[in-house]
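Colleague: Just so it is clear, I am handing over run_10.cif, which has mmCIF, C-alpha atoms and all ligand atoms.
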data_coords
loop_
_atom_site.label_atom_id
_atom_site.label_comp_id
_atom_site.auth_asym_id
_atom_site.auth_seq_id
_atom_site.Cartn_x
_atom_site.Cartn_y
_atom_site.Cartn_z
CA MET A 1 -8.21 -12.99 4.35
CA LEU A 2 -8.11 -9.98 6.68
CA TYR A 3 -11.00 -8.27 4.92
CA ARG A 4 -13.13 -11.39 5.24
CA PHE A 5 -12.13 -11.56 8.90
CA LEU A 6 -13.15 -7.92 9.47
CA THR A 7 -16.41 -8.45 7.64
CA ALA A 8 -17.17 -11.47 9.83
CA LEU A 9 -16.67 -9.29 12.90
CA GLY A 10 -18.73 -6.41 11.51
CA ILE A 11 -15.68 -4.12 11.47
CA GLN A 12 -15.37 -1.63 8.60
CA PRO A 13 -11.86 -1.19 7.12
CA LEU A 14 -11.09 2.47 6.31
CA PRO A 15 -8.93 4.05 3.60
CA SER A 16 -5.45 4.03 5.07
CA ARG A 17 -2.29 6.08 4.70
CA ARG A 18 -0.43 3.81 7.08
CA ALA A 19 1.95 1.33 5.51
CA GLY A 20 1.59 -2.18 6.83
CA TRP A 21 -1.70 -1.56 8.61
CA VAL A 22 -5.39 -1.79 7.91
CA VAL A 23 -7.03 1.00 9.89
CA THR A 24 -10.47 0.81 11.48
CA ARG A 25 -12.34 2.46 14.30
CA CYS A 26 -11.67 0.75 17.63
CA PRO A 27 -14.34 -1.96 17.99
CA LEU A 28 -13.97 -1.73 21.77
CA ALA A 29 -14.41 2.06 21.86
CA PRO A 30 -17.88 1.91 23.50
CA LEU A 31 -16.24 0.18 26.47
CA ARG A 32 -12.69 1.47 26.50
CA HIS A 33 -12.78 5.04 25.14
CA GLN A 34 -13.80 7.95 27.30
CA ARG A 35 -16.51 9.19 24.94
CA GLY A 36 -17.35 5.70 23.73
CA THR A 37 -16.34 6.61 20.19
CA ASP A 38 -13.23 6.55 18.02
CA ASN A 39 -13.66 9.52 15.70
CA ASN A 40 -10.00 9.68 14.68
CA PRO A 41 -9.71 6.01 13.75
CA SER A 42 -7.05 4.64 16.05
CA PHE A 43 -7.29 0.91 15.56
CA GLY A 44 -4.91 -0.97 13.28
CA PHE A 45 -4.54 -4.52 12.03
CA ARG A 46 -0.96 -5.41 11.15
CA VAL A 47 -0.52 -6.99 7.72
CA GLY A 48 2.44 -8.59 6.00
CA ALA A 49 5.45 -9.41 8.20
CA GLY A 50 4.38 -9.43 11.83
CA GLY A 51 0.74 -9.76 10.80
CA GLY A 52 -1.90 -11.33 12.96
CA ARG A 53 -1.97 -8.60 15.59
CA CYS A 54 -4.08 -5.54 16.22
CA HIS A 55 -3.51 -2.44 18.21
CA CYS A 56 -5.38 0.69 19.38
CA LEU A 57 -3.41 3.91 19.74
CA ALA A 58 -6.21 5.53 21.73
CA CYS A 59 -6.98 2.97 24.44
CA GLY A 60 -3.81 0.90 24.21
CA TYR A 61 -5.58 -2.33 23.34
CA SER A 62 -3.15 -4.82 21.84
CA GLY A 63 -3.51 -8.47 21.01
CA THR A 64 -3.61 -11.27 18.51
CA LEU A 65 -6.59 -11.71 16.21
CA ALA A 66 -7.69 -14.70 18.28
CA ARG A 67 -7.48 -12.59 21.41
CA LEU A 68 -9.54 -9.85 19.79
CA VAL A 69 -12.24 -12.34 18.83
CA ALA A 70 -12.33 -13.66 22.40
CA ASP A 71 -12.48 -10.15 23.88
CA LEU A 72 -15.20 -9.02 21.47
CA ARG A 73 -17.23 -12.14 22.15
CA GLN A 74 -16.94 -11.51 25.89
CA ALA A 75 -17.90 -7.85 25.43
CA VAL A 76 -20.94 -8.70 23.30
CA GLN A 77 -22.16 -11.45 25.61
CA HIS A 78 -21.49 -9.85 28.98
CA GLN A 79 -20.91 -6.11 28.59
CA GLY A 80 -23.61 -5.11 26.14
CA LEU A 81 -21.33 -4.27 23.21
CA ALA A 82 -23.41 -3.93 20.04
CA LEU A 83 -21.58 -5.64 17.19
CA ALA A 84 -23.05 -7.67 14.34
CA ALA A 85 -20.36 -10.33 14.47
CA ASP A 86 -20.11 -13.93 13.34
CA PHE A 87 -17.48 -15.12 15.81
CA ALA A 88 -17.42 -18.71 14.55
CA ALA A 89 -16.67 -17.50 11.01
CA ALA A 90 -13.89 -15.21 12.29
CA GLU A 91 -12.32 -18.06 14.27
CA ALA A 92 -12.50 -20.38 11.27
CA LEU A 93 -10.60 -17.80 9.20
CA ILE A 94 -7.87 -17.50 11.85
CA GLU A 95 -7.52 -21.25 11.96
CA ALA A 96 -7.39 -21.52 8.17
CA ALA A 97 -4.63 -18.88 8.06
CA GLY A 98 -2.60 -20.51 10.81
CA GLY A 99 -3.03 -17.44 12.99
CA GLN A 100 -1.57 -15.10 10.41
CA ALA A 101 -3.26 -12.20 8.64
CA GLY A 102 -0.67 -11.58 5.94
CA GLY A 103 -1.20 -11.42 2.22
CA LEU A 104 -2.33 -7.81 1.96
CA SER A 105 -0.22 -5.04 0.49
CA LEU A 106 -1.28 -1.45 1.01
CA GLY A 107 1.71 0.36 -0.46
CA ASP A 108 4.32 2.32 1.43
CA THR A 109 2.97 5.80 1.98
CA GLY A 110 3.32 6.63 5.65
CA PRO A 111 5.61 5.22 8.33
CA ASP A 112 4.00 6.79 11.39
CA ILE A 113 1.99 3.87 12.73
CA GLU A 114 4.69 1.43 11.74
CA ALA A 115 7.23 3.51 13.65
CA LEU A 116 4.93 3.59 16.65
CA ALA A 117 4.66 -0.17 16.57
CA ASN A 118 8.37 -0.67 16.14
CA GLY A 119 10.16 1.68 18.49
CA ALA A 120 13.35 -0.38 18.45
CA ARG A 121 13.87 0.20 14.75
CA ALA A 122 13.65 3.96 15.17
CA ALA A 123 15.68 3.96 18.38
CA GLU A 124 18.84 5.41 16.86
CA HIS A 125 17.14 8.11 14.82
CA LEU A 126 18.48 11.57 15.72
CA PHE A 127 17.02 14.95 14.79
CA PRO A 128 19.71 17.57 13.97
CA GLU A 129 19.84 20.71 16.13
CA TRP A 130 19.68 22.94 13.03
CA TRP A 131 16.36 21.33 12.19
CA LEU A 132 14.94 22.49 15.52
CA ASN A 133 16.16 26.04 14.95
CA GLN A 134 13.48 26.66 12.34
CA PHE A 135 11.05 26.90 15.27
CA PRO A 136 11.67 29.95 17.51
CA PRO A 137 10.98 30.00 21.27
CA ALA A 138 7.33 30.46 22.24
CA HIS A 139 8.21 33.63 24.13
CA HIS A 140 9.73 36.95 23.13
CA GLN A 141 11.03 39.86 25.23
CA GLY A 142 9.41 38.60 28.39
CA GLN A 143 6.08 37.86 26.70
CA LEU A 144 4.79 34.30 26.63
CA HIS A 145 2.84 33.05 23.64
CA PRO A 146 -0.86 33.69 24.42
CA TYR A 147 -1.70 30.01 24.08
CA LEU A 148 0.81 29.13 26.81
CA GLN A 149 -0.63 31.89 29.01
CA ALA A 150 -4.11 30.48 28.48
CA ARG A 151 -2.92 27.00 29.44
CA GLY A 152 -1.35 28.35 32.64
CA VAL A 153 2.26 27.60 31.67
CA ASP A 154 4.72 30.03 33.27
CA MET A 155 7.77 31.67 31.71
CA ALA A 156 10.34 29.74 33.75
CA THR A 157 8.80 26.47 32.58
CA ALA A 158 8.61 27.62 28.95
CA ILE A 159 12.35 28.34 29.12
CA ALA A 160 13.27 25.18 31.04
CA LEU A 161 11.32 22.96 28.64
CA ASP A 162 12.52 24.98 25.63
CA ILE A 163 8.96 25.31 24.32
CA ARG A 164 8.85 26.45 20.66
CA PHE A 165 6.29 27.80 18.21
CA ASP A 166 5.70 26.58 14.65
CA ALA A 167 3.99 29.53 12.95
CA GLY A 168 3.49 27.59 9.70
CA ARG A 169 1.51 24.80 11.31
CA GLN A 170 0.23 26.95 14.20
CA ARG A 171 1.55 24.55 16.83
CA ILE A 172 3.12 24.94 20.25
CA CYS A 173 6.06 22.53 20.17
CA PHE A 174 7.96 20.59 22.82
CA PRO A 175 11.45 19.32 21.88
CA ILE A 176 11.93 15.67 22.85
CA ARG A 177 15.43 14.80 24.09
CA ASP A 178 16.67 11.42 25.25
CA PHE A 179 18.65 10.49 28.38
CA ASN A 180 21.81 11.77 26.68
CA GLY A 181 20.24 15.09 25.72
CA PHE A 182 20.15 14.23 22.01
CA LEU A 183 17.22 15.65 20.07
CA ARG A 184 14.87 12.78 19.19
CA GLY A 185 11.72 14.56 18.17
CA LEU A 186 9.30 17.44 18.44
CA HIS A 187 5.75 17.20 19.74
CA GLY A 188 3.37 19.91 18.56
CA ARG A 189 -0.06 20.86 19.91
CA SER A 190 -2.33 22.69 17.48
CA ILE A 191 -3.50 26.04 18.82
CA LEU A 192 -6.43 26.13 16.39
CA PRO A 193 -9.80 25.14 17.86
CA ASP A 194 -10.33 22.38 15.29
CA GLY A 195 -6.70 21.67 14.42
CA GLN A 196 -6.18 18.04 13.47
CA PRO A 197 -4.42 16.07 14.65
CA ARG A 198 -4.45 17.85 18.00
CA TYR A 199 -0.96 16.53 18.68
CA LEU A 200 1.58 15.99 15.94
CA MET A 201 4.72 13.91 16.41
CA TYR A 202 7.01 15.66 13.92
CA ARG A 203 9.23 13.58 11.68
CA TYR A 204 12.70 14.15 10.36
CA GLY A 205 13.78 12.11 7.36
CA GLY A 206 10.38 10.44 7.44
CA GLN A 207 10.86 9.05 10.94
CA ASN A 208 9.99 9.85 14.52
CA CYS A 209 11.04 8.19 17.77
CA PRO A 210 7.88 7.13 19.57
CA SER A 211 9.67 5.17 22.31
CA ILE A 212 11.32 8.29 23.80
CA TRP A 213 9.69 9.91 26.85
CA HIS A 214 9.28 13.66 27.06
CA GLY A 215 11.47 14.56 30.03
CA GLU A 216 14.20 11.93 29.72
CA SER A 217 16.83 14.66 29.44
CA TRP A 218 16.06 16.21 32.86
CA LEU A 219 14.94 13.04 34.61
CA ASP A 220 16.71 11.97 37.82
CA PRO A 221 16.08 8.21 38.06
CA ASP A 222 17.37 8.08 41.64
CA ARG A 223 14.45 10.19 42.84
CA PRO A 224 10.74 9.34 42.54
CA VAL A 225 9.73 9.87 38.92
CA LEU A 226 6.32 11.44 38.38
CA ILE A 227 4.56 10.20 35.23
CA VAL A 228 1.75 12.26 33.70
CA GLU A 229 -0.07 11.80 30.40
CA SER A 230 0.62 14.80 28.20
CA VAL A 231 3.16 17.53 27.50
CA PHE A 232 0.84 20.14 29.00
CA ASP A 233 0.32 18.04 32.13
CA ALA A 234 4.11 17.96 32.46
CA ALA A 235 4.42 21.70 31.82
CA ARG A 236 1.84 22.50 34.52
CA VAL A 237 3.35 20.09 37.04
CA PHE A 238 6.98 21.04 36.37
CA PRO A 239 7.12 24.12 38.68
CA HIS A 240 5.85 21.99 41.57
CA TYR A 241 7.69 18.76 40.82
CA PRO A 242 10.38 18.93 38.12
CA ASN A 243 11.20 15.20 38.10
CA VAL A 244 8.29 14.60 35.72
CA VAL A 245 7.99 12.78 32.40
CA ASP A 246 5.14 12.07 29.99
CA PRO A 247 4.87 9.36 27.32
CA LEU A 248 3.52 11.63 24.51
CA THR A 249 1.09 8.98 23.30
CA ALA A 250 -1.49 6.88 25.11
CA ASP A 251 0.24 3.87 23.66
CA LEU A 252 2.76 2.48 26.18
CA MET A 253 4.67 0.11 23.94
CA PRO A 254 7.06 -2.42 25.53
CA GLU A 255 10.17 -0.63 24.24
CA LYS A 256 8.99 2.60 25.85
CA ILE A 257 8.24 0.91 29.18
CA ARG A 258 11.68 -0.74 29.11
CA ARG A 259 13.40 2.61 28.62
CA LEU A 260 12.10 3.88 31.93
CA SER A 261 12.74 0.71 33.94
CA GLY A 262 14.95 0.75 37.02
CA CYS A 263 13.96 4.11 38.53
CA ALA A 264 13.96 4.43 42.33
CA GLU A 265 10.21 4.92 42.47
CA TYR A 266 7.30 5.80 40.20
CA LEU A 267 4.45 8.18 40.96
CA LEU A 268 1.56 7.74 38.53
CA LEU A 269 -0.71 10.71 37.90
CA PHE A 270 -2.77 9.69 34.88
CA ASP A 271 -6.15 11.10 33.97
CA ASN A 272 -9.26 9.95 35.80
CA ASP A 273 -10.65 8.08 32.81
CA PRO A 274 -10.59 4.53 31.39
CA ALA A 275 -7.46 5.17 29.33
CA GLY A 276 -5.67 6.52 32.41
CA GLN A 277 -6.71 3.53 34.47
CA ALA A 278 -5.55 1.17 31.73
CA ALA A 279 -2.16 2.91 31.67
CA ARG A 280 -1.80 2.56 35.46
CA ARG A 281 -2.58 -1.15 35.25
CA LYS A 282 -0.17 -1.67 32.39
CA LEU A 283 2.77 0.01 34.15
CA ARG A 284 2.01 -1.70 37.46
CA GLN A 285 2.14 -5.03 35.65
CA ALA A 286 5.27 -4.21 33.64
CA TRP A 287 7.17 -2.88 36.66
CA ALA A 288 6.00 -5.51 39.15
CA GLY A 289 8.32 -5.35 42.13
CA ALA A 290 9.22 -1.69 41.61
CA ARG A 291 8.16 1.01 44.09
CA LEU A 292 5.09 2.54 42.58
CA ARG A 293 2.46 4.89 43.98
CA ASP A 294 -0.80 6.05 42.44
CA LEU A 295 -1.65 9.73 42.81
CA TYR A 296 -5.16 10.97 42.07
CA LEU A 297 -6.65 14.37 41.44
CA PRO A 298 -9.95 15.09 43.16
CA ALA A 299 -13.11 14.09 41.30
CA GLY A 300 -14.14 16.72 38.77
CA CYS A 301 -10.54 17.57 37.89
CA LYS A 302 -9.79 15.83 34.62
CA ASP A 303 -6.02 16.11 34.40
CA PRO A 304 -3.04 17.99 35.88
CA GLY A 305 -3.05 20.30 32.85
CA GLU A 306 -6.36 21.74 34.02
CA ALA A 307 -5.78 21.63 37.78
CA PRO A 308 -5.45 24.95 39.67
CA PRO A 309 -1.85 25.69 40.78
CA ALA A 310 -2.82 25.57 44.47
CA LEU A 311 -4.15 22.06 44.02
CA LEU A 312 -0.98 20.90 42.26
CA ALA A 313 1.12 22.53 44.97
CA SER A 314 -0.71 20.71 47.75
CA LEU A 315 -0.71 17.37 45.91
CA LEU A 316 2.94 17.52 44.85
CA GLY A 317 4.54 19.78 47.44
CA THR A 318 5.09 16.98 49.93
CA LEU A 319 6.74 14.85 47.24
CA ALA A 320 9.30 17.44 46.24
CA SER A 321 11.81 16.54 48.95
CA PRO A 322 13.22 13.01 49.04
CA SER A 323 11.47 10.81 51.58
CA ALA A 324 13.25 9.57 54.70
CA ASP A 325 13.80 6.25 52.98
CA PHE A 326 15.82 7.86 50.25
CA ARG A 327 17.86 10.03 52.60
CA LEU A 328 18.79 6.95 54.61
CA GLY A 329 19.25 4.74 51.56
ZN ZN B 401 -9.43 1.60 21.47
#
Take the structure in the file and give it back as structure tokens.
Modeller:
Amino acid sequence: MLYRFLTALGIQPLPSRRAGWVVTRCPLAPLRHQRGTDNNPSFGFRVGAGGGRCHCLACGYSGTLARLVADLRQAVQHQGLALAADFAAAEALIEAAGGQAGGLSLGDTGPDIEALANGARAAEHLFPEWWLNQFPPAHHQGQLHPYLQARGVDMATAIALDIRFDAGRQRICFPIRDFNGFLRGLHGRSILPDGQPRYLMYRYGGQNCPSIWHGESWLDPDRPVLIVESVFDAARVFPHYPNVVDPLTADLMPEKIRRLSGCAEYLLLFDNDPAGQAARRKLRQAWAGARLRDLYLPAGCKDPGEAPPALLASLLGTLASPSADFRLG
């Protein structure tokens, strides 16, 4: 049923290594992705139990099949999206299936997307400390790894964030620890120009913990929490404002948003692009009623990871001390 549905919408299913999902390129990429493309196919249609939903890891789109049809129809009719779709046929298939898209089995060969979609199930998964010890620190005798130097990360931050190096995979790695300090993952950035994927969420025992934020272990929820997009954004911002976290993936799943609820205040510093704007909207909606401020970098500066230190200092310096409200509170 799902393949007929995809065909009706003009969406091409791709060979998939992801259990429980049919993977495609994001059909909304021309509107929702920064470059208008989805070259590392990020869109998935859930099959089997929990079927009938789709999800984009790149732009965060999430919805039922009926919702997708409505959004695509809207995009084709009013926003110039080019898609050879037969919407009536797609809707008829949804109706015939009672809203479900089950009935497809793709084998069980890779839990990554499933884990991303089901943070609660992986919530208790711990990585042992001895596992982390296979990756040495990304500095030695006062010398930072050249990649960290090139990205403008300083030694104090490399030590504070416990940044590691995986020589086998040629990745700079950030240990991910939860609110209790337990090791819950490792996030590795390829240092090779064409290294794919650029970011790897390491697994232990076949699982990772996608609902954990990078920075939970040093976070002070009683002070304004700065949220940036990536590990390198956090590493660059850390010297100026240490109460910073990043979500590791563009996908802000409900379980992840719940984990960070109840902080005194949120400061959002996402990238100046459609994905960043979508993330701001999503958090503002999820934390309605919370104190929340949007921070912006000047036009031409893509993200905090690329901002000059002086700019970060002037943007974040005034935030570093608690505001009068908090002193009085
Ligand atoms: Zn997308």
Colleague: Using only C-alpha atoms - which residues lie no farther than 9 Å from the point (4.4, 17.7, 25.2) in the file's frame? Write them as a VMD selection string.
Modeller: chain A and resid 163 172 to 176 186 to 189 199 214 230 to 235 246 to 248
Colleague: With all atoms listed in the file as the basis for distance, which of A:Pro309, A:Gly262, A:Pro274, A:Pro210 is at the shortest distance from ligand ZN 401 (chain B)?
Modeller: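 Comparing A:Pro309, A:Gly262, A:Pro274, A:Pro210 against ligand ZN 401 (chain B), the winner is A:Pro274.
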Colleague: If we count all atoms listed in the file and set the cut-off at 12 Å, which residues sit around Pro197 in chain A, ignoring sequence neighbours fewer than 6 positions away in its own chain? Please answer as a PyMOL selection string.
Modeller: chain A and resi 39-42+169-171+187-191
Colleague: Taking only C-alpha atoms and all ligand atoms into account, list the residues no farther than 12 Å from ligand ZN 401 (chain B), as a PDB file with C-alpha atoms, keeping the file's coordinate frame.
Modeller:
ATOM      1  CA  VAL A  23      -7.030   1.000   9.890  1.00  0.00           C
ATOM      2  CA  THR A  24     -10.470   0.810  11.480  1.00  0.00           C
ATOM      3  CA  ARG A  25     -12.340   2.460  14.300  1.00  0.00           C
ATOM      4  CA  CYS A  26     -11.670   0.750  17.630  1.00  0.00           C
ATOM      5  CA  PRO A  27     -14.340  -1.960  17.990  1.00  0.00           C
ATOM      6  CA  LEU A  28     -13.970  -1.730  21.770  1.00  0.00           C
ATOM      7  CA  ALA A  29     -14.410   2.060  21.860  1.00  0.00           C
ATOM      8  CA  PRO A  30     -17.880   1.910  23.500  1.00  0.00           C
ATOM      9  CA  LEU A  31     -16.240   0.180  26.470  1.00  0.00           C
ATOM     10  CA  ARG A  32     -12.690   1.470  26.500  1.00  0.00           C
ATOM     11  CA  HIS A  33     -12.780   5.040  25.140  1.00  0.00           C
ATOM     12  CA  GLN A  34     -13.800   7.950  27.300  1.00  0.00           C
ATOM     13  CA  ARG A  35     -16.510   9.190  24.940  1.00  0.00           C
ATOM     14  CA  GLY A  36     -17.350   5.700  23.730  1.00  0.00           C
ATOM     15  CA  THR A  37     -16.340   6.610  20.190  1.00  0.00           C
ATOM     16  CA  ASP A  38     -13.230   6.550  18.020  1.00  0.00           C
ATOM     17  CA  ASN A  39     -13.660   9.520  15.700  1.00  0.00           C
ATOM     18  CA  ASN A  40     -10.000   9.680  14.680  1.00  0.00           C
ATOM     19  CA  PRO A  41      -9.710   6.010  13.750  1.00  0.00           C
ATOM     20  CA  SER A  42      -7.050   4.640  16.050  1.00  0.00           C
ATOM     21  CA  PHE A  43      -7.290   0.910  15.560  1.00  0.00           C
ATOM     22  CA  GLY A  44      -4.910  -0.970  13.280  1.00  0.00           C
ATOM     23  CA  CYS A  54      -4.080  -5.540  16.220  1.00  0.00           C
ATOM     24  CA  HIS A  55      -3.510  -2.440  18.210  1.00  0.00           C
ATOM     25  CA  CYS A  56      -5.380   0.690  19.380  1.00  0.00           C
ATOM     26  CA  LEU A  57      -3.410   3.910  19.740  1.00  0.00           C
ATOM     27  CA  ALA A  58      -6.210   5.530  21.730  1.00  0.00           C
ATOM     28  CA  CYS A  59      -6.980   2.970  24.440  1.00  0.00           C
ATOM     29  CA  GLY A  60      -3.810   0.900  24.210  1.00  0.00           C
ATOM     30  CA  TYR A  61      -5.580  -2.330  23.340  1.00  0.00           C
ATOM     31  CA  SER A  62      -3.150  -4.820  21.840  1.00  0.00           C
ATOM     32  CA  GLY A  63      -3.510  -8.470  21.010  1.00  0.00           C
ATOM     33  CA  LEU A  68      -9.540  -9.850  19.790  1.00  0.00           C
ATOM     34  CA  ALA A 250      -1.490   6.880  25.110  1.00  0.00           C
ATOM     35  CA  ASP A 251       0.240   3.870  23.660  1.00  0.00           C
ATOM     36  CA  PRO A 274     -10.590   4.530  31.390  1.00  0.00           C
ATOM     37  CA  ALA A 275      -7.460   5.170  29.330  1.00  0.00           C
ATOM     38  CA  ALA A 278      -5.550   1.170  31.730  1.00  0.00           C
TER      39      ALA A 278
END
Colleague: Hey, what's within 12 Å of His145 in chain A if we count all atoms listed in the file and toss same-chain stuff fewer than 3 positions away? As a list in words, please?
Modeller: Pro136, Pro137, Ala138, His139, His140, Gln141, Gly142, Leu148, Gln149, Ala150, Arg151, Gly152, Val153, Asp154, Met155, Ala158, Ile159, Ile163, Arg164, Phe165, Asp166, Ala167, Gln170, Arg171, Ile172, Cys173 and Ile191 of chain A
Colleague: Env of Ala286 in chain A: 10 Å cut, atoms = only C-alpha atoms, seq-sep filter 3 positions within chain, self excluded. Answer as a ChimeraX atom specification.
Modeller: /A:254,257-258,261,280-283,289-290
Colleague: Hey, can you check how far CA of Met1 in chain A sits from CA of Ile94 in chain A?
Modeller: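 If I compute the distance from CA of Met1 in chain A to CA of Ile94 in chain A, I get 8.8 Å.
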Colleague: Residues within 10 Å of Arg73 in chain A, please, as a short mmCIF file (atom, residue, chain, number, x, y, z; two decimals) with C-alpha atoms, in the coordinates of the input. Count all atoms listed in the file; anything in the same chain fewer than 6 positions from it doesn't count.
Modeller:
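That gives us out16.cif:
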data_model
loop_
_atom_site.label_atom_id
_atom_site.label_comp_id
_atom_site.auth_asym_id
_atom_site.auth_seq_id
_atom_site.Cartn_x
_atom_site.Cartn_y
_atom_site.Cartn_z
CA LEU A 9 -16.67 -9.29 12.90
CA ARG A 67 -7.48 -12.59 21.41
CA GLN A 79 -20.91 -6.11 28.59
CA LEU A 81 -21.33 -4.27 23.21
CA LEU A 83 -21.58 -5.64 17.19
CA ALA A 85 -20.36 -10.33 14.47
CA ASP A 86 -20.11 -13.93 13.34
CA PHE A 87 -17.48 -15.12 15.81
#
Colleague: Suppose you want the space between CA of Ala90 in chain A and CA of Met253 in chain A; what is it in Å?
Modeller: 26.7 Å
Colleague: If we count all atoms listed in the file, what is near range 217-229 of chain A at a cut-off of 6 Å, once residues fewer than 4 positions away on the same chain are taken out, given as a list in words?
Modeller: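 Once the adjacent positions are removed, what remains is Arg177, Asp178, Phe179, Gly181, Asn243, Val244, Val245, Asp246, Cys263, Ala264, Glu265, Tyr266, Leu267, Leu268, Leu269 and Phe270 of chain A.
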Colleague: Restrict the selected residues to C-alpha atoms and save them as a short mmCIF file (atom, residue, chain, number, x, y, z; two decimals), in the frame of the given file.
Modeller:
data_model
loop_
_atom_site.label_atom_id
_atom_site.label_comp_id
_atom_site.auth_asym_id
_atom_site.auth_seq_id
_atom_site.Cartn_x
_atom_site.Cartn_y
_atom_site.Cartn_z
CA ARG A 177 15.43 14.80 24.09
CA ASP A 178 16.67 11.42 25.25
CA PHE A 179 18.65 10.49 28.38
CA GLY A 181 20.24 15.09 25.72
CA ASN A 243 11.20 15.20 38.10
CA VAL A 244 8.29 14.60 35.72
CA VAL A 245 7.99 12.78 32.40
CA ASP A 246 5.14 12.07 29.99
CA CYS A 263 13.96 4.11 38.53
CA ALA A 264 13.96 4.43 42.33
CA GLU A 265 10.21 4.92 42.47
CA TYR A 266 7.30 5.80 40.20
CA LEU A 267 4.45 8.18 40.96
CA LEU A 268 1.56 7.74 38.53
CA LEU A 269 -0.71 10.71 37.90
CA PHE A 270 -2.77 9.69 34.88
#
